[in-house]
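The structure appears below as structure tokens.
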Amino acid sequence: MSSNEFPGWHGTTIIGVRKGGEVVIAGDGQVSLGQTVIKGTAKKVRRLSPGGYDVVCGFAGSTADAFTLLERLEAKLEATPGQLARASVELAKDWRTDKYLQKLEAMLIVTDGKDLFVITGAGDVLEPEHDVTAIGSGGNFALAAALGLMEGDGTAEEIARKAMAIASDICVYTNGKLTVETIKA
């Protein structure tokens with residue numbers, strides 16, 4: 001590696017699963033720098049309560065960037081209490097058009113128990129088609145596993161935990177130390 005190349009930060013898998021009147025967001029705790037695990041117990045899933053309405057958020061990407069976005073989302077939710085869709089769209093618009101925010105490298109999964117969205121810096125507010133969404137380095141593994149588990153009898157939390165276990169067995173940037181938050185519709 002040349003002296004001006006900085007190895008990328010890796011190591012987040014976040015999944016959102018909606019089933020049986022509840023939504024679960026689960027995230028692993030691994031943060032890696034290049035080939036080294038820097039931390040194994042990071043908490044990348046948070047519960048916010050702006051305006052007295054609970055919202056659960058999970059983030060992948062730069063932690064500082066994600067916290068900046070979470071603060072902005074919280075401000076949007078305070079301005080529009082109980083309207084997650086509207087707050088998410090407003091955040092995505094700001095993220096896409098603001099020169100400072102455009103440089104932020106993170107993605108969010110957010111839910112209020114009713115809605116479930118992925119918010120990206122490209123201006124997207126995406127609602128999953130099959131009540132499952134995932135982001136991060138192991139996101140595709142967790143997503144595939146959860147989609148396969150959705151037809152069974154498992155609860156949203158059981159599906160999220162099992163899918164994350166499968167992802168952690170496949171993705172070297174994902175571990176099994178989970179933070180899990182559940183919210184009911």
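The chains in the structure tokens are called A, B, ... from first to last as shown; in each chain the residues are counted from 1, and the ligands are counted from 1 in the order shown.
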Taking only C-alpha atoms into account, produce a table as CSV in which each residue of segment 90-138 of chain A with an atom at most 9 Å from an atom of segment 69-83 of chain A appears once, together with its shortest atom pair and the distance in Å to one decimal, ordered by chain and rising number.
```
residue,atom,partner,partner_atom,distance
A:Glu90,CA,A:Lys76,CA,7.2
A:Leu91,CA,A:Leu73,CA,6.1
A:Trp95,CA,A:Leu69,CA,8.3
A:Leu101,CA,A:Leu69,CA,8.3
A:Leu104,CA,A:Leu69,CA,8.4
A:Ala106,CA,A:Leu69,CA,8.3
A:Met107,CA,A:Leu69,CA,8.9
A:Leu108,CA,A:Leu69,CA,8.4
A:Asp112,CA,A:Gly82,CA,8.2
```
Write the selection just made, keeping C-alpha atoms, as a PDB file, in the first residue's frame?
```pdb
ATOM      1  CA  GLU A  90     -36.851  15.731   3.839  1.00  0.00           C
ATOM      2  CA  LEU A  91     -33.577  14.239   5.127  1.00  0.00           C
ATOM      3  CA  TRP A  95     -28.574  14.925   1.948  1.00  0.00           C
ATOM      4  CA  LEU A 101     -24.077  16.487   3.560  1.00  0.00           C
ATOM      5  CA  LEU A 104     -21.280  11.932   4.122  1.00  0.00           C
ATOM      6  CA  ALA A 106     -23.404   6.253   5.467  1.00  0.00           C
ATOM      7  CA  MET A 107     -26.776   4.588   4.948  1.00  0.00           C
ATOM      8  CA  LEU A 108     -29.696   4.338   7.360  1.00  0.00           C
ATOM      9  CA  ASP A 112     -41.470   3.646  13.502  1.00  0.00           C
TER      10      ASP A 112
END
```
Which residues are near Gly29 of chain A? Cut-off 10 Å, only C-alpha atoms, ignore same chain within fewer than 5 positions. Put them as a PDB file with N, CA and C atoms, in the first residue's frame.
```
ATOM      1  N   GLY A  11     -17.163  -3.278   7.998  1.00  0.00           N
ATOM      2  CA  GLY A  11     -17.615  -4.089   9.094  1.00  0.00           C
ATOM      3  C   GLY A  11     -18.932  -3.712   9.698  1.00  0.00           C
ATOM      4  N   THR A  12     -19.925  -3.557   8.905  1.00  0.00           N
ATOM      5  CA  THR A  12     -21.251  -3.314   9.450  1.00  0.00           C
ATOM      6  C   THR A  12     -22.252  -4.133   8.669  1.00  0.00           C
ATOM      7  N   THR A  13     -23.125  -4.788   9.376  1.00  0.00           N
ATOM      8  CA  THR A  13     -24.278  -5.398   8.749  1.00  0.00           C
ATOM      9  C   THR A  13     -25.484  -5.000   9.579  1.00  0.00           C
ATOM     10  N   ILE A  14     -26.468  -4.397   8.938  1.00  0.00           N
ATOM     11  CA  ILE A  14     -27.702  -3.975   9.595  1.00  0.00           C
ATOM     12  C   ILE A  14     -28.852  -4.608   8.824  1.00  0.00           C
ATOM     13  N   LYS A  39     -12.803  -2.855  16.592  1.00  0.00           N
ATOM     14  CA  LYS A  39     -13.750  -2.961  17.699  1.00  0.00           C
ATOM     15  C   LYS A  39     -14.776  -4.031  17.354  1.00  0.00           C
ATOM     16  N   GLY A  40     -15.165  -4.800  18.337  1.00  0.00           N
ATOM     17  CA  GLY A  40     -16.128  -5.856  18.102  1.00  0.00           C
ATOM     18  C   GLY A  40     -17.475  -5.627  18.735  1.00  0.00           C
ATOM     19  N   THR A  41     -17.613  -4.524  19.478  1.00  0.00           N
ATOM     20  CA  THR A  41     -18.854  -4.295  20.226  1.00  0.00           C
ATOM     21  C   THR A  41     -19.462  -2.922  19.965  1.00  0.00           C
ATOM     22  N   ALA A  42     -19.288  -2.410  18.765  1.00  0.00           N
ATOM     23  CA  ALA A  42     -19.881  -1.112  18.430  1.00  0.00           C
ATOM     24  C   ALA A  42     -21.405  -1.242  18.402  1.00  0.00           C
ATOM     25  N   LYS A  43     -22.083  -0.162  18.792  1.00  0.00           N
ATOM     26  CA  LYS A  43     -23.550  -0.151  18.791  1.00  0.00           C
ATOM     27  C   LYS A  43     -24.022   0.718  17.634  1.00  0.00           C
ATOM     28  N   LYS A  44     -24.566   0.072  16.593  1.00  0.00           N
ATOM     29  CA  LYS A  44     -24.957   0.766  15.371  1.00  0.00           C
ATOM     30  C   LYS A  44     -26.468   0.783  15.175  1.00  0.00           C
ATOM     31  N   VAL A  45     -27.187   0.452  16.222  1.00  0.00           N
ATOM     32  CA  VAL A  45     -28.648   0.508  16.211  1.00  0.00           C
ATOM     33  C   VAL A  45     -29.061   1.362  17.397  1.00  0.00           C
ATOM     34  N   TYR A 173     -16.338  -9.238   7.605  1.00  0.00           N
ATOM     35  CA  TYR A 173     -16.515  -7.920   8.198  1.00  0.00           C
ATOM     36  C   TYR A 173     -17.756  -7.848   9.090  1.00  0.00           C
ATOM     37  N   THR A 174     -18.312  -8.991   9.466  1.00  0.00           N
ATOM     38  CA  THR A 174     -19.518  -9.055  10.289  1.00  0.00           C
ATOM     39  C   THR A 174     -19.273 -10.023  11.435  1.00  0.00           C
ATOM     40  N   ASN A 175     -19.671  -9.630  12.655  1.00  0.00           N
ATOM     41  CA  ASN A 175     -19.545 -10.562  13.774  1.00  0.00           C
ATOM     42  C   ASN A 175     -20.919 -10.854  14.369  1.00  0.00           C
ATOM     43  N   GLY A 176     -20.967 -11.674  15.381  1.00  0.00           N
ATOM     44  CA  GLY A 176     -22.236 -12.103  15.970  1.00  0.00           C
ATOM     45  C   GLY A 176     -22.639 -11.344  17.214  1.00  0.00           C
ATOM     46  N   LYS A 177     -21.959 -10.248  17.526  1.00  0.00           N
ATOM     47  CA  LYS A 177     -22.303  -9.457  18.711  1.00  0.00           C
ATOM     48  C   LYS A 177     -23.341  -8.419  18.309  1.00  0.00           C
ATOM     49  N   LEU A 178     -24.599  -8.749  18.539  1.00  0.00           N
ATOM     50  CA  LEU A 178     -25.706  -7.970  17.993  1.00  0.00           C
ATOM     51  C   LEU A 178     -26.275  -6.958  18.968  1.00  0.00           C
ATOM     52  N   THR A 179     -26.754  -5.871  18.388  1.00  0.00           N
ATOM     53  CA  THR A 179     -27.664  -4.946  19.063  1.00  0.00           C
ATOM     54  C   THR A 179     -28.989  -5.107  18.340  1.00  0.00           C
TER      55      THR A 179
END
```
Check: Smallest atom-to-atom distance to Thr111 of chain A: which of A:Thr36, A:Thr68, A:Ser168, A:Ser49, using only C-alpha atoms?
Finding: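 Checking each of A:Thr36, A:Thr68, A:Ser168, A:Ser49 against Thr111 of chain A, counting only C-alpha atoms, the winner is A:Ser49.
Nearest to Val55 of chain A of all the residues A:Ile119, A:Leu84, A:Leu143, A:Val132 is A:Leu84, counting only C-alpha atoms.
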Notebook entry, point to check: Got a sec: who's within 12 Å of Glu158 of chain A, counting only C-alpha atoms, leaving out chain neighbours fewer than 2 positions off, as a VMD selection string?
Noted result: chain A and resid 16 to 20 22 to 26 145 to 146 149 to 150 152 to 156 160 to 165 180 182
Checklist line | Secondary structure check, strand (DSSP E) residues of chain A, as a PyMOL selection string | finding: chain A and resi 9-10+13-19+22-27+31-33+36-39+45-48+55-61+106-111+116-119+125-126+132-136+179-184
Next item on the list: as a PyMOL selection string, please: all residues of segment 130-177 of chain A that backbone DSSP puts in helix (DSSP H, G or I).
Entry: chain A and resi 139-149+156-170
